[in-house]
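**Student:** I'd like to ask you about the structure that follows.
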Amino acid sequence: MESLLSQRLGIKEVKSLAKAISAETLWHLMQEPDDVVSRNAAWVMTHKPDHEVSSIPQKPLIDLAISTPSEALRRLSLALILRQPIPKENLRTDFLDFCLQHMVSLEEPCGVQALCMKLAHEMCQFYPELSQEFKATINMMPTEHYKPGVKHLISKYKQ
């Protein structure tokens, strides 16, 4: 399996592997030290149905998103987290802080910024004071510095 994921993949291969490899196997491969294998495993995982993505343990997935130096693996991990429910009782303040920090960071790629913004918005809905903090952060973001995808979300959440 690793040898397949260590190669350059096209979308046809990704979709085929999503059908052939279990979510559990992909999750283990996402934690491999080989950046290509872990990134490709995460890409394949994004093509799994929601019920299979929900089977990934959320805490280690969040840990991976927070700690990986790979922008691609961070983006893919965040996309997977967004597809999982985040229950109020499992709200991680370190992850919320990470999302609030990275959604405004101009050093982050647009995809990471947008995913962090969506996740922060979702987590802040549990508490009125966090919703106010989120709204204040959004209102302070100068839209001229951001790419169109992030600008769209800023205008959406300002409403």
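We label chains A, B, ... in the order they appear in the structure tokens, count residues from 1 in each chain, and number ligands from 1 in the order shown.
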What are the closest atom pairs, with distances in Å to one decimal, for all residues of region 1-106 of chain A lying within 12 Å of region 139-156 of chain A? Consider only C-alpha atoms, order rows by chain and residue number, and present the result as CSV.
**Tutor:**
residue,atom,partner,partner_atom,distance
A:Leu100,CA,A:Met141,CA,11.6
A:Gln101,CA,A:Met141,CA,11.8
A:His102,CA,A:Val150,CA,11.9
A:Met103,CA,A:Val150,CA,8.6
A:Val104,CA,A:Met141,CA,7.0
A:Ser105,CA,A:Tyr146,CA,9.6
A:Leu106,CA,A:Tyr146,CA,7.3
**Student:** Find the residues near Leu91 (chain A): any atom within 12 Å, counting only C-alpha atoms, skip ones fewer than 2 places away on the same chain, and give them as a PDB file with all heavy atoms, in the first residue's frame.
**Tutor:**
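Resulting contents of part_39.pdb:
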ATOM      1  N   GLN A  58     -10.757  11.824  16.247  1.00  0.00           N
ATOM      2  CA  GLN A  58     -10.625  13.269  16.048  1.00  0.00           C
ATOM      3  C   GLN A  58      -9.436  13.897  16.785  1.00  0.00           C
ATOM      4  O   GLN A  58      -8.745  14.745  16.229  1.00  0.00           O
ATOM      5  CB  GLN A  58     -11.920  13.960  16.464  1.00  0.00           C
ATOM      6  CG  GLN A  58     -11.961  15.401  16.023  1.00  0.00           C
ATOM      7  CD  GLN A  58     -13.301  16.015  16.267  1.00  0.00           C
ATOM      8  OE1 GLN A  58     -13.671  16.236  17.412  1.00  0.00           O
ATOM      9  NE2 GLN A  58     -14.030  16.284  15.196  1.00  0.00           N
ATOM     10  N   LYS A  59      -9.204  13.493  18.021  1.00  0.00           N
ATOM     11  CA  LYS A  59      -8.118  14.114  18.791  1.00  0.00           C
ATOM     12  C   LYS A  59      -6.763  13.969  18.085  1.00  0.00           C
ATOM     13  O   LYS A  59      -6.064  14.966  17.878  1.00  0.00           O
ATOM     14  CB  LYS A  59      -8.075  13.545  20.208  1.00  0.00           C
ATOM     15  CG  LYS A  59      -7.007  14.187  21.087  1.00  0.00           C
ATOM     16  CD  LYS A  59      -6.938  13.560  22.461  1.00  0.00           C
ATOM     17  CE  LYS A  59      -5.933  14.154  23.384  1.00  0.00           C
ATOM     18  NZ  LYS A  59      -4.681  14.601  22.857  1.00  0.00           N
ATOM     19  N   ILE A  62      -6.672  16.150  14.948  1.00  0.00           N
ATOM     20  CA  ILE A  62      -6.427  17.560  15.286  1.00  0.00           C
ATOM     21  C   ILE A  62      -4.953  17.761  15.629  1.00  0.00           C
ATOM     22  O   ILE A  62      -4.331  18.732  15.188  1.00  0.00           O
ATOM     23  CB  ILE A  62      -7.345  18.011  16.439  1.00  0.00           C
ATOM     24  CG1 ILE A  62      -8.788  18.122  15.941  1.00  0.00           C
ATOM     25  CG2 ILE A  62      -6.872  19.338  17.033  1.00  0.00           C
ATOM     26  CD1 ILE A  62      -9.822  18.361  17.031  1.00  0.00           C
ATOM     27  N   PRO A  85     -18.270  15.828  13.142  1.00  0.00           N
ATOM     28  CA  PRO A  85     -18.940  16.695  14.127  1.00  0.00           C
ATOM     29  C   PRO A  85     -17.959  17.067  15.239  1.00  0.00           C
ATOM     30  O   PRO A  85     -17.117  16.257  15.631  1.00  0.00           O
ATOM     31  CB  PRO A  85     -20.074  15.818  14.656  1.00  0.00           C
ATOM     32  CG  PRO A  85     -19.681  14.417  14.341  1.00  0.00           C
ATOM     33  CD  PRO A  85     -18.776  14.471  13.149  1.00  0.00           C
ATOM     34  N   ILE A  86     -18.044  18.304  15.699  1.00  0.00           N
ATOM     35  CA  ILE A  86     -17.231  18.742  16.840  1.00  0.00           C
ATOM     36  C   ILE A  86     -18.204  19.009  17.982  1.00  0.00           C
ATOM     37  O   ILE A  86     -18.806  20.079  18.044  1.00  0.00           O
ATOM     38  CB  ILE A  86     -16.401  20.000  16.518  1.00  0.00           C
ATOM     39  CG1 ILE A  86     -15.446  19.725  15.355  1.00  0.00           C
ATOM     40  CG2 ILE A  86     -15.633  20.466  17.755  1.00  0.00           C
ATOM     41  CD1 ILE A  86     -14.613  20.905  14.922  1.00  0.00           C
ATOM     42  N   PRO A  87     -18.373  18.027  18.863  1.00  0.00           N
ATOM     43  CA  PRO A  87     -19.320  18.216  19.965  1.00  0.00           C
ATOM     44  C   PRO A  87     -18.816  19.268  20.962  1.00  0.00           C
ATOM     45  O   PRO A  87     -17.611  19.419  21.175  1.00  0.00           O
ATOM     46  CB  PRO A  87     -19.398  16.842  20.631  1.00  0.00           C
ATOM     47  CG  PRO A  87     -18.559  15.915  19.827  1.00  0.00           C
ATOM     48  CD  PRO A  87     -17.761  16.721  18.861  1.00  0.00           C
ATOM     49  N   LYS A  88     -19.761  19.984  21.528  1.00  0.00           N
ATOM     50  CA  LYS A  88     -19.450  21.041  22.493  1.00  0.00           C
ATOM     51  C   LYS A  88     -18.558  20.526  23.617  1.00  0.00           C
ATOM     52  O   LYS A  88     -17.612  21.196  24.027  1.00  0.00           O
ATOM     53  CB  LYS A  88     -20.754  21.603  23.066  1.00  0.00           C
ATOM     54  CG  LYS A  88     -20.571  22.712  24.058  1.00  0.00           C
ATOM     55  CD  LYS A  88     -21.932  23.220  24.541  1.00  0.00           C
ATOM     56  CE  LYS A  88     -21.766  24.328  25.558  1.00  0.00           C
ATOM     57  NZ  LYS A  88     -23.058  24.863  25.989  1.00  0.00           N
ATOM     58  N   GLU A  89     -18.837  19.311  24.089  1.00  0.00           N
ATOM     59  CA  GLU A  89     -18.078  18.772  25.217  1.00  0.00           C
ATOM     60  C   GLU A  89     -16.650  18.375  24.839  1.00  0.00           C
ATOM     61  O   GLU A  89     -15.808  18.177  25.707  1.00  0.00           O
ATOM     62  CB  GLU A  89     -18.805  17.584  25.863  1.00  0.00           C
ATOM     63  CG  GLU A  89     -19.086  16.411  24.939  1.00  0.00           C
ATOM     64  CD  GLU A  89     -20.352  16.562  24.104  1.00  0.00           C
ATOM     65  OE1 GLU A  89     -21.046  17.585  24.187  1.00  0.00           O
ATOM     66  OE2 GLU A  89     -20.643  15.623  23.344  1.00  0.00           O
ATOM     67  N   THR A  93      -9.581  23.987  23.262  1.00  0.00           N
ATOM     68  CA  THR A  93      -9.217  25.401  23.173  1.00  0.00           C
ATOM     69  C   THR A  93      -7.906  25.597  22.405  1.00  0.00           C
ATOM     70  O   THR A  93      -7.750  26.609  21.730  1.00  0.00           O
ATOM     71  CB  THR A  93      -9.113  26.042  24.568  1.00  0.00           C
ATOM     72  OG1 THR A  93      -8.199  25.291  25.364  1.00  0.00           O
ATOM     73  CG2 THR A  93     -10.477  26.082  25.245  1.00  0.00           C
ATOM     74  N   ASP A  94      -6.988  24.631  22.475  1.00  0.00           N
ATOM     75  CA  ASP A  94      -5.751  24.767  21.710  1.00  0.00           C
ATOM     76  C   ASP A  94      -6.040  24.739  20.205  1.00  0.00           C
ATOM     77  O   ASP A  94      -5.423  25.480  19.433  1.00  0.00           O
ATOM     78  CB  ASP A  94      -4.718  23.703  22.090  1.00  0.00           C
ATOM     79  CG  ASP A  94      -5.162  22.274  21.775  1.00  0.00           C
ATOM     80  OD1 ASP A  94      -6.379  21.984  21.803  1.00  0.00           O
ATOM     81  OD2 ASP A  94      -4.278  21.429  21.512  1.00  0.00           O
ATOM     82  N   PHE A  95      -7.023  23.937  19.810  1.00  0.00           N
ATOM     83  CA  PHE A  95      -7.391  23.871  18.395  1.00  0.00           C
ATOM     84  C   PHE A  95      -8.138  25.131  17.976  1.00  0.00           C
ATOM     85  O   PHE A  95      -7.907  25.668  16.887  1.00  0.00           O
ATOM     86  CB  PHE A  95      -8.215  22.611  18.110  1.00  0.00           C
ATOM     87  CG  PHE A  95      -8.547  22.420  16.661  1.00  0.00           C
ATOM     88  CD1 PHE A  95      -7.551  22.434  15.689  1.00  0.00           C
ATOM     89  CD2 PHE A  95      -9.855  22.215  16.255  1.00  0.00           C
ATOM     90  CE1 PHE A  95      -7.862  22.252  14.340  1.00  0.00           C
ATOM     91  CE2 PHE A  95     -10.172  22.030  14.912  1.00  0.00           C
ATOM     92  CZ  PHE A  95      -9.168  22.054  13.959  1.00  0.00           C
ATOM     93  N   LEU A  96      -9.009  25.627  18.833  1.00  0.00           N
ATOM     94  CA  LEU A  96      -9.703  26.879  18.536  1.00  0.00           C
ATOM     95  C   LEU A  96      -8.689  28.010  18.387  1.00  0.00           C
ATOM     96  O   LEU A  96      -8.754  28.788  17.428  1.00  0.00           O
ATOM     97  CB  LEU A  96     -10.726  27.211  19.621  1.00  0.00           C
ATOM     98  CG  LEU A  96     -11.439  28.550  19.475  1.00  0.00           C
ATOM     99  CD1 LEU A  96     -12.172  28.655  18.135  1.00  0.00           C
ATOM    100  CD2 LEU A  96     -12.402  28.760  20.633  1.00  0.00           C
ATOM    101  N   ASP A  97      -7.737  28.094  19.298  1.00  0.00           N
ATOM    102  CA  ASP A  97      -6.690  29.119  19.206  1.00  0.00           C
ATOM    103  C   ASP A  97      -5.891  28.978  17.913  1.00  0.00           C
ATOM    104  O   ASP A  97      -5.577  29.968  17.247  1.00  0.00           O
ATOM    105  CB  ASP A  97      -5.742  29.045  20.404  1.00  0.00           C
ATOM    106  CG  ASP A  97      -6.391  29.487  21.700  1.00  0.00           C
ATOM    107  OD1 ASP A  97      -7.441  30.159  21.664  1.00  0.00           O
ATOM    108  OD2 ASP A  97      -5.847  29.139  22.772  1.00  0.00           O
ATOM    109  N   LEU A 119     -13.823  26.271  10.652  1.00  0.00           N
ATOM    110  CA  LEU A 119     -13.767  25.493  11.895  1.00  0.00           C
ATOM    111  C   LEU A 119     -13.899  26.394  13.120  1.00  0.00           C
ATOM    112  O   LEU A 119     -14.607  26.055  14.070  1.00  0.00           O
ATOM    113  CB  LEU A 119     -12.472  24.675  11.949  1.00  0.00           C
ATOM    114  CG  LEU A 119     -12.453  23.459  11.028  1.00  0.00           C
ATOM    115  CD1 LEU A 119     -11.030  22.985  10.769  1.00  0.00           C
ATOM    116  CD2 LEU A 119     -13.305  22.343  11.609  1.00  0.00           C
ATOM    117  N   ALA A 120     -13.238  27.540  13.105  1.00  0.00           N
ATOM    118  CA  ALA A 120     -13.346  28.474  14.234  1.00  0.00           C
ATOM    119  C   ALA A 120     -14.792  28.946  14.380  1.00  0.00           C
ATOM    120  O   ALA A 120     -15.321  29.002  15.498  1.00  0.00           O
ATOM    121  CB  ALA A 120     -12.408  29.669  14.028  1.00  0.00           C
ATOM    122  N   GLU A 122     -17.483  27.362  13.493  1.00  0.00           N
ATOM    123  CA  GLU A 122     -18.258  26.230  14.011  1.00  0.00           C
ATOM    124  C   GLU A 122     -18.051  26.067  15.517  1.00  0.00           C
ATOM    125  O   GLU A 122     -19.003  25.873  16.267  1.00  0.00           O
ATOM    126  CB  GLU A 122     -17.833  24.955  13.274  1.00  0.00           C
ATOM    127  CG  GLU A 122     -18.714  23.768  13.547  1.00  0.00           C
ATOM    128  CD  GLU A 122     -18.325  22.576  12.700  1.00  0.00           C
ATOM    129  OE1 GLU A 122     -18.163  22.725  11.475  1.00  0.00           O
ATOM    130  OE2 GLU A 122     -18.190  21.483  13.280  1.00  0.00           O
ATOM    131  N   MET A 123     -16.812  26.143  15.971  1.00  0.00           N
ATOM    132  CA  MET A 123     -16.524  25.960  17.402  1.00  0.00           C
ATOM    133  C   MET A 123     -17.034  27.127  18.249  1.00  0.00           C
ATOM    134  O   MET A 123     -17.470  26.922  19.380  1.00  0.00           O
ATOM    135  CB  MET A 123     -15.020  25.764  17.622  1.00  0.00           C
ATOM    136  CG  MET A 123     -14.500  24.430  17.114  1.00  0.00           C
ATOM    137  SD  MET A 123     -12.746  24.176  17.467  1.00  0.00           S
ATOM    138  CE  MET A 123     -11.977  25.098  16.134  1.00  0.00           C
ATOM    139  N   CYS A 124     -16.974  28.329  17.713  1.00  0.00           N
ATOM    140  CA  CYS A 124     -17.391  29.505  18.482  1.00  0.00           C
ATOM    141  C   CYS A 124     -18.905  29.575  18.676  1.00  0.00           C
ATOM    142  O   CYS A 124     -19.377  30.272  19.580  1.00  0.00           O
ATOM    143  CB  CYS A 124     -16.889  30.779  17.803  1.00  0.00           C
ATOM    144  SG  CYS A 124     -15.113  31.023  17.985  1.00  0.00           S
ATOM    145  N   GLN A 125     -19.665  28.863  17.864  1.00  0.00           N
ATOM    146  CA  GLN A 125     -21.121  28.901  17.974  1.00  0.00           C
ATOM    147  C   GLN A 125     -21.635  28.356  19.300  1.00  0.00           C
ATOM    148  O   GLN A 125     -22.761  28.635  19.690  1.00  0.00           O
ATOM    149  CB  GLN A 125     -21.763  28.129  16.816  1.00  0.00           C
ATOM    150  CG  GLN A 125     -21.494  28.717  15.452  1.00  0.00           C
ATOM    151  CD  GLN A 125     -21.839  30.188  15.365  1.00  0.00           C
ATOM    152  OE1 GLN A 125     -22.972  30.596  15.590  1.00  0.00           O
ATOM    153  NE2 GLN A 125     -20.843  31.001  15.056  1.00  0.00           N
ATOM    154  N   PHE A 126     -20.810  27.595  20.008  1.00  0.00           N
ATOM    155  CA  PHE A 126     -21.233  27.009  21.280  1.00  0.00           C
ATOM    156  C   PHE A 126     -21.365  28.034  22.406  1.00  0.00           C
ATOM    157  O   PHE A 126     -22.101  27.825  23.355  1.00  0.00           O
ATOM    158  CB  PHE A 126     -20.254  25.916  21.730  1.00  0.00           C
ATOM    159  CG  PHE A 126     -20.196  24.730  20.808  1.00  0.00           C
ATOM    160  CD1 PHE A 126     -18.979  24.282  20.319  1.00  0.00           C
ATOM    161  CD2 PHE A 126     -21.352  24.050  20.436  1.00  0.00           C
ATOM    162  CE1 PHE A 126     -18.913  23.170  19.486  1.00  0.00           C
ATOM    163  CE2 PHE A 126     -21.294  22.948  19.600  1.00  0.00           C
ATOM    164  CZ  PHE A 126     -20.073  22.506  19.128  1.00  0.00           C
ATOM    165  N   TYR A 127     -20.609  29.123  22.309  1.00  0.00           N
ATOM    166  CA  TYR A 127     -20.552  30.101  23.401  1.00  0.00           C
ATOM    167  C   TYR A 127     -20.682  31.522  22.855  1.00  0.00           C
ATOM    168  O   TYR A 127     -19.922  31.905  21.956  1.00  0.00           O
ATOM    169  CB  TYR A 127     -19.219  29.980  24.157  1.00  0.00           C
ATOM    170  CG  TYR A 127     -18.988  28.601  24.726  1.00  0.00           C
ATOM    171  CD1 TYR A 127     -18.200  27.674  24.059  1.00  0.00           C
ATOM    172  CD2 TYR A 127     -19.562  28.233  25.946  1.00  0.00           C
ATOM    173  CE1 TYR A 127     -17.986  26.393  24.584  1.00  0.00           C
ATOM    174  CE2 TYR A 127     -19.361  26.966  26.475  1.00  0.00           C
ATOM    175  CZ  TYR A 127     -18.570  26.063  25.787  1.00  0.00           C
ATOM    176  OH  TYR A 127     -18.375  24.797  26.294  1.00  0.00           O
ATOM    177  N   LEU A 130     -17.452  33.559  22.721  1.00  0.00           N
ATOM    178  CA  LEU A 130     -16.547  33.147  21.649  1.00  0.00           C
ATOM    179  C   LEU A 130     -17.064  33.623  20.296  1.00  0.00           C
ATOM    180  O   LEU A 130     -16.277  34.015  19.428  1.00  0.00           O
ATOM    181  CB  LEU A 130     -16.364  31.629  21.642  1.00  0.00           C
ATOM    182  CG  LEU A 130     -15.567  31.025  22.787  1.00  0.00           C
ATOM    183  CD1 LEU A 130     -15.503  29.513  22.658  1.00  0.00           C
ATOM    184  CD2 LEU A 130     -14.173  31.618  22.853  1.00  0.00           C
TER     185      LEU A 130
END
**Student:** Using only C-alpha atoms, which residue out of A:Val53, A:Leu4, A:Ile21, A:Leu73 lies closest to Ser38 (chain A)?
**Tutor:**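 Ranked by minimum distance to Ser38 (chain A), first place goes to A:Leu73.
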**Student:** As an exercise, work out the distance from CA of Arg39 (chain A) to CA of Leu76 (chain A) in Å and give it to one decimal place.
**Tutor:** 7.8 Å
**Student:** If you run DSSP on this backbone, which residues of chain A come out as alpha helix (DSSP H), and could you give them as a PyMOL selection string?
**Tutor:** chain A and resi 2-5+11-20+23-30+35-45+50-53+58-67+71-82+93-104+110-124+128-140+148-158
**Student:** Could you tell me how far CA of Leu61 (chain A) lies from CA of Ala136 (chain A), in Å and to one decimal?
**Tutor:**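 CA of Ala136 (chain A) lies 28.1 Å from CA of Leu61 (chain A).
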**Student:** Report, in Å to a single decimal, how far apart CA of Lys19 (chain A) and CA of Leu5 (chain A) are.
**Tutor:**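 We find that CA of Leu5 (chain A) and CA of Lys19 (chain A) lie 14.1 Å from each other.
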**Student:** Applying 12 Å and only C-alpha atoms, which residues near region 22-35 of chain A remain after dropping the ones on its own chain fewer than 5 positions away? List them as JSON, numbers by chain.
**Tutor:** {"A": [1, 2, 3, 4, 5, 6, 7, 14, 16, 17, 40, 41, 42, 43, 44, 45, 46, 47, 48, 49, 50, 51, 52, 53, 54, 55, 56, 57, 58, 60, 61, 63, 64, 65, 67, 68, 69, 70, 71, 72, 73, 74, 76, 77, 80]}
**Student:** Residues at most 8 Å from Lys135 (chain A), counting only C-alpha atoms, excluding those fewer than 4 positions away in the same chain, as an MDAnalysis selection string?
**Tutor:** chainID A and resid 131 139 157:158
**Student:** Of the candidates A:Asn90, A:Val112, A:Lys15, A:His121, which shows the shortest atom-to-atom distance to Glu133 (chain A), using only C-alpha atoms?
**Tutor:**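 Closest residue, counting only C-alpha atoms: A:His121.
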